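**Student:** Structure provided below as structure tokens; questions to follow.
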Amino acid sequence: MDEDPPIVIDAAGNDIHGEAARIRARGPVTRVELPGGLAAWSVTGYHAARQILADERFAKNARRHWPAYVEGTLAPDFPLLNWARMDNMSTEDGESHIRKRRLVAGAFSPQRIAAMRPWIERVVTRALDDLAARAAAEPDVPVDLKAGYAHPVASQVVGELLGVPPAHRDRILAGAGYKPATPSEMAEAFAVLRRNVEELVAAKRREPGEDLVSDLIAAGPAGCPVTGAGPDSDAELVSMVLLILNTGTEPAINLITNTVAALLTRPDQRELVRTGQVGWDDVVEETLRSDAPVAHLPFRFAVEDVTVAGVTIKRGDPVVVSFAATGRDPELHGPEAGEYDALRTDKRHLAFGHGAHRCIGPDLGRLEARIAVESLFTRFPGLRLGVKPGQLTGQGTFVMNGRSALPVHL
């Protein structure tokens with residue numbers, strides 16, 4: 001048990017990596033205080049995180065395994081309440097989680113991902129054209145690569161996957177991803193997004209297409225005498241679509257943005273790519289290791305007392321894994337773990353998680369980022385930052401690890 005007071009997590013995430021280093025200095029599993037004064041464990045060590053992520057004694061379902069939530073002692077304005085209330089595949093455990101995961105796994109098979117390449121390339125080309133037109137209209141004004149490129153690419157790709165009609169994409173896809181907001185604002189925005197997804201599901205029932213939502217509808221409800229394969233209800237189907245919409249948008253935005261920022265702030269690394277000494281896959285993988293799109297992700301809960309890295313986590317204790325920290329663990333990558341180096345041979349990381357809840361679409365995320373970043377630098381070889389590197393700021397949360405904006409001149 002730590003003798004020092006717990007490190008208070010900065011809710012705004014102003015210094016994700018600096019804070020992670022301070023936490024790691026106390027050990028791979030350390031007491032922290034989350035927003036709202038919540039005592040929790042932060043896991044910054046790579047090996048400790050792998051152990052926890054693969055251990056069934058750490059559950060995701062707050063509604064069953066977090067005493068404070070079960071007993072109703074959390075304040076109505078507790079800032080992380082929405083994370084505890086979440087009810088979808090990402091917060092299920094055991095057989096329920098396995099069943100739901102199987103329903104969508106086929107959409108992310110290697111064959112399906114490979115087949116997506118042509119339309120990912122089309123999405124990227126359209127986004128580059130729009131970016132060029134915006135820059136041409138105001139040549140002296142930097143364009144925001146995050147809002148003007150990474151977001152439309154990520155949202156359009158997941159929109160294609162789900163089968164969101166082109167006429168409705170702006171309305172539905174604009175609501176996906178992270179935006180700084182109060183709990184009430186988040187709840188209101190989520191309600192709007194849920195209504196939009198409910199309308200999408202209803203539309204796909206009337207006119208199915210070749211997309212994931214139509215596939216889930218065609219599977220039929222679980223227990224159906226014909227298929228016995230699909231979601232239990234429309235509510236479950238809607239929850240699945242919402243999860244894929246959000247998890248397929250914000251992390252992809254950050255991966256694209258973080259990779260571009262890494263090359264724009266490190267001329268030596270950009271030169272390695274230009275001269276062919278490293279490939280684009282190496283660049284994306286090094287970004288995943290050193291600047292993972294997700295920082296501290298709520299929550300896991302110990303279902304019994306568990307000892308990890310010499311620390312005993314008590315039953316019911318909340319745990320957050322710092323995915324942004326584990327890839328920079330000096331015990332794994334040495335004293336230079338915090339340095340970005342695409343030539344690095346060992347790029348092991350946990351950016352996509354590990355164990356039963358590992359991200360279901362890592363191949364899609366890698367492919368999408370690789371195409372988006374390579375195409376961007378190919379189209380605009382003179383790309384440069386529109387501000388000084390020190391002026392780039394975080395996106396206002398301790399959960400995600402990205403930039404609020406990435407101003408560039410093309």
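Labels used: A, B, ... for chains in the order of the structure tokens, numbers from 1 for residues in each chain, and numbers from 1 for ligands as shown.
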Could you produce a table of the residues of region 231-322 of chain A lying within 7 Å of region 82-98 of chain A, with the nearest pair of atoms per residue and their separation in Å rounded to one decimal, using only C-alpha atoms, ordered by chain and increasing residue number, as JSON lines?

**Tutor:**
```
{"residue": "A:Ser239", "atom": "CA", "partner": "A:Asn88", "partner_atom": "CA", "distance": 5.6}
{"residue": "A:Met240", "atom": "CA", "partner": "A:Asn88", "partner_atom": "CA", "distance": 6.4}
{"residue": "A:Pro298", "atom": "CA", "partner": "A:Trp83", "partner_atom": "CA", "distance": 6.7}
```

**Student:** Run DSSP on the backbone and tell me which residues of region 251-377 of chain A come out as strand (DSSP E); list them as a list in words.

**Tutor:**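 Assigned to strand (DSSP E), within region 251-377 of chain A: His296, Leu297, Pro298, Phe299, Arg300, Phe301, Ala302, Val306, Thr307, Val308, Val311, Thr312, Ile313, Pro318, Val319, Val320, Val321 and Ser322 of chain A.
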
**Student:** Given the selection you just returned, output its residues as a file containing all heavy atoms, formatted as a compact mmCIF listing (two decimals), in the first residue's frame.

**Tutor:**
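Final output, saved to selection.txt:
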```txt
# COMPACT_ATOMS: atom_id res chain seq x y z
N HIS A 296 -6.21 6.78 -19.85
CA HIS A 296 -6.72 6.01 -18.70
C HIS A 296 -8.18 5.64 -18.98
O HIS A 296 -9.04 6.51 -19.05
CB HIS A 296 -6.68 6.88 -17.44
CG HIS A 296 -5.49 6.64 -16.57
ND1 HIS A 296 -4.57 7.62 -16.29
CD2 HIS A 296 -5.08 5.55 -15.90
CE1 HIS A 296 -3.64 7.14 -15.48
NE2 HIS A 296 -3.92 5.88 -15.23
N LEU A 297 -8.46 4.35 -19.12
CA LEU A 297 -9.82 3.96 -19.48
C LEU A 297 -10.57 3.39 -18.28
O LEU A 297 -10.19 2.37 -17.73
CB LEU A 297 -9.79 2.90 -20.59
CG LEU A 297 -11.15 2.54 -21.18
CD1 LEU A 297 -11.74 3.74 -21.91
CD2 LEU A 297 -11.02 1.37 -22.14
N PRO A 298 -11.65 4.05 -17.84
CA PRO A 298 -12.52 3.47 -16.79
C PRO A 298 -13.33 2.33 -17.37
O PRO A 298 -13.73 2.41 -18.52
CB PRO A 298 -13.43 4.63 -16.41
CG PRO A 298 -12.81 5.86 -17.01
CD PRO A 298 -12.09 5.39 -18.23
N PHE A 299 -13.71 1.33 -16.61
CA PHE A 299 -13.24 0.87 -15.34
C PHE A 299 -13.07 -0.63 -15.42
O PHE A 299 -13.68 -1.29 -16.25
CB PHE A 299 -14.27 1.12 -14.23
CG PHE A 299 -14.49 2.53 -13.80
CD1 PHE A 299 -15.68 3.18 -14.10
CD2 PHE A 299 -13.53 3.20 -13.07
CE1 PHE A 299 -15.90 4.49 -13.68
CE2 PHE A 299 -13.75 4.50 -12.64
CZ PHE A 299 -14.93 5.15 -12.94
N ARG A 300 -12.34 -1.18 -14.46
CA ARG A 300 -12.41 -2.59 -14.12
C ARG A 300 -12.57 -2.66 -12.61
O ARG A 300 -12.19 -1.74 -11.90
CB ARG A 300 -11.15 -3.33 -14.58
CG ARG A 300 -11.20 -3.73 -16.05
CD ARG A 300 -9.90 -4.37 -16.50
NE ARG A 300 -10.05 -5.00 -17.80
CZ ARG A 300 -10.10 -4.34 -18.95
NH1 ARG A 300 -9.97 -3.02 -18.97
NH2 ARG A 300 -10.26 -4.99 -20.11
N PHE A 301 -13.11 -3.81 -12.12
CA PHE A 301 -13.34 -3.96 -10.69
C PHE A 301 -12.89 -5.35 -10.25
O PHE A 301 -13.23 -6.36 -10.88
CB PHE A 301 -14.83 -3.78 -10.37
CG PHE A 301 -15.39 -2.49 -10.88
CD1 PHE A 301 -16.02 -2.44 -12.12
CD2 PHE A 301 -15.26 -1.32 -10.16
CE1 PHE A 301 -16.52 -1.25 -12.62
CE2 PHE A 301 -15.75 -0.12 -10.65
CZ PHE A 301 -16.38 -0.08 -11.88
N ALA A 302 -12.11 -5.39 -9.18
CA ALA A 302 -11.68 -6.68 -8.63
C ALA A 302 -12.89 -7.39 -8.03
O ALA A 302 -13.62 -6.82 -7.24
CB ALA A 302 -10.60 -6.46 -7.57
N VAL A 306 -6.97 -9.46 -5.15
CA VAL A 306 -6.00 -9.95 -6.13
C VAL A 306 -4.68 -9.21 -5.93
O VAL A 306 -4.66 -7.99 -5.80
CB VAL A 306 -6.47 -9.73 -7.58
CG1 VAL A 306 -5.49 -10.39 -8.56
CG2 VAL A 306 -7.88 -10.27 -7.80
N THR A 307 -3.58 -9.96 -5.93
CA THR A 307 -2.26 -9.34 -5.81
C THR A 307 -1.61 -9.25 -7.19
O THR A 307 -1.49 -10.25 -7.90
CB THR A 307 -1.35 -10.16 -4.86
OG1 THR A 307 -1.97 -10.18 -3.57
CG2 THR A 307 0.02 -9.53 -4.75
N VAL A 308 -1.22 -8.03 -7.54
CA VAL A 308 -0.58 -7.76 -8.82
C VAL A 308 0.67 -6.92 -8.56
O VAL A 308 0.58 -5.89 -7.90
CB VAL A 308 -1.51 -7.00 -9.79
CG1 VAL A 308 -0.81 -6.75 -11.12
CG2 VAL A 308 -2.81 -7.76 -10.01
N VAL A 311 1.19 -5.76 -5.11
CA VAL A 311 0.17 -4.89 -4.52
C VAL A 311 -1.15 -5.65 -4.46
O VAL A 311 -1.55 -6.27 -5.45
CB VAL A 311 0.00 -3.59 -5.34
CG1 VAL A 311 -1.16 -2.77 -4.81
CG2 VAL A 311 1.29 -2.78 -5.33
N THR A 312 -1.83 -5.61 -3.33
CA THR A 312 -3.12 -6.28 -3.21
C THR A 312 -4.25 -5.31 -3.51
O THR A 312 -4.41 -4.29 -2.84
CB THR A 312 -3.32 -6.87 -1.80
OG1 THR A 312 -2.30 -7.84 -1.56
CG2 THR A 312 -4.68 -7.54 -1.68
N ILE A 313 -5.01 -5.63 -4.54
CA ILE A 313 -6.18 -4.84 -4.92
C ILE A 313 -7.39 -5.51 -4.29
O ILE A 313 -7.66 -6.69 -4.55
CB ILE A 313 -6.31 -4.77 -6.45
CG1 ILE A 313 -5.06 -4.12 -7.06
CG2 ILE A 313 -7.57 -4.00 -6.86
CD1 ILE A 313 -5.02 -4.14 -8.57
N PRO A 318 -12.03 0.00 -7.81
CA PRO A 318 -11.97 0.39 -9.22
C PRO A 318 -10.52 0.42 -9.71
O PRO A 318 -9.61 0.83 -8.98
CB PRO A 318 -12.57 1.80 -9.25
CG PRO A 318 -13.14 2.04 -7.89
CD PRO A 318 -12.43 1.13 -6.95
N VAL A 319 -10.32 -0.02 -10.95
CA VAL A 319 -9.00 -0.05 -11.57
C VAL A 319 -9.09 0.61 -12.94
O VAL A 319 -10.04 0.37 -13.70
CB VAL A 319 -8.51 -1.51 -11.75
CG1 VAL A 319 -7.18 -1.56 -12.49
CG2 VAL A 319 -8.41 -2.21 -10.40
N VAL A 320 -8.10 1.46 -13.23
CA VAL A 320 -8.01 2.04 -14.58
C VAL A 320 -6.64 1.68 -15.15
O VAL A 320 -5.62 1.85 -14.48
CB VAL A 320 -8.22 3.57 -14.59
CG1 VAL A 320 -9.67 3.92 -14.32
CG2 VAL A 320 -7.31 4.26 -13.58
N VAL A 321 -6.63 1.16 -16.36
CA VAL A 321 -5.37 0.82 -17.03
C VAL A 321 -4.95 2.00 -17.88
O VAL A 321 -5.75 2.54 -18.67
CB VAL A 321 -5.54 -0.44 -17.89
CG1 VAL A 321 -4.28 -0.70 -18.71
CG2 VAL A 321 -5.87 -1.65 -17.02
N SER A 322 -3.70 2.42 -17.73
CA SER A 322 -3.18 3.53 -18.52
C SER A 322 -2.53 2.98 -19.79
O SER A 322 -1.35 2.65 -19.81
CB SER A 322 -2.15 4.33 -17.72
OG SER A 322 -1.65 5.40 -18.51
```

**Student:** Which residue gives the smallest distance to Ile120 (chain A) among A:Leu385, A:Ala372, A:Ile253, A:Leu392, with only C-alpha atoms counted?

**Tutor:**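 Nearest candidate to Ile120 (chain A) out of A:Leu385, A:Ala372, A:Ile253, A:Leu392: A:Ala372.
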
**Student:** Kindly indicate which residue among A:Tyr149, A:Trp280, A:Tyr340, A:Tyr46 lies nearest to Asp129 (chain A), using only C-alpha atoms for the distances.

**Tutor:** A:Tyr149

**Student:** For Phe352 (chain A), which residue out of A:Lys204, A:Arg289, A:Arg63, A:Lys314 is the nearest one, using only C-alpha atoms?

**Tutor:**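 Among the listed residues, the smallest separation from Phe352 (chain A) belongs to A:Arg289.
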
**Student:** Quick one: residues within 6 Å of region 26-36 of chain A, only C-alpha atoms, excluding same-chain residues fewer than 2 positions away - as a VMD selection string?

**Tutor:** chain A and resid 6 to 9 11 23 to 24 38 to 45 78 to 79

**Student:** Write out as a PyMOL selection string all residues of region 3-135 of chain A that DSSP puts in alpha helix (DSSP H) for this structure's backbone.

**Tutor:** chain A and resi 16-24+46-53+62-65+67-70+81-85+94-105+110-135

**Student:** Hey, which of A:His349, A:His151, A:Arg344, A:Arg270 ends up closest to Glu368 (chain A)? Count only C-alpha atoms.

**Tutor:**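 Nearest candidate to Glu368 (chain A) out of A:His349, A:His151, A:Arg344, A:Arg270: A:His151.
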
**Student:** Find the distance between CA of Gly316 (chain A) and CA of Trp66 (chain A) and write it in Å to one decimal.

**Tutor:** 5.2 Å

**Student:** What does the distance from CA of Glu19 (chain A) to CA of Glu285 (chain A) come to in Å, to one decimal?

**Tutor:**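 Here the two named atoms are 22.7 Å from each other.
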
**Student:** Find the distance between CA of Gln277 (chain A) and CA of Ala337 (chain A) and write it in Å to one decimal.

**Tutor:**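 Distance reported for this atom pair: 20.6 Å.
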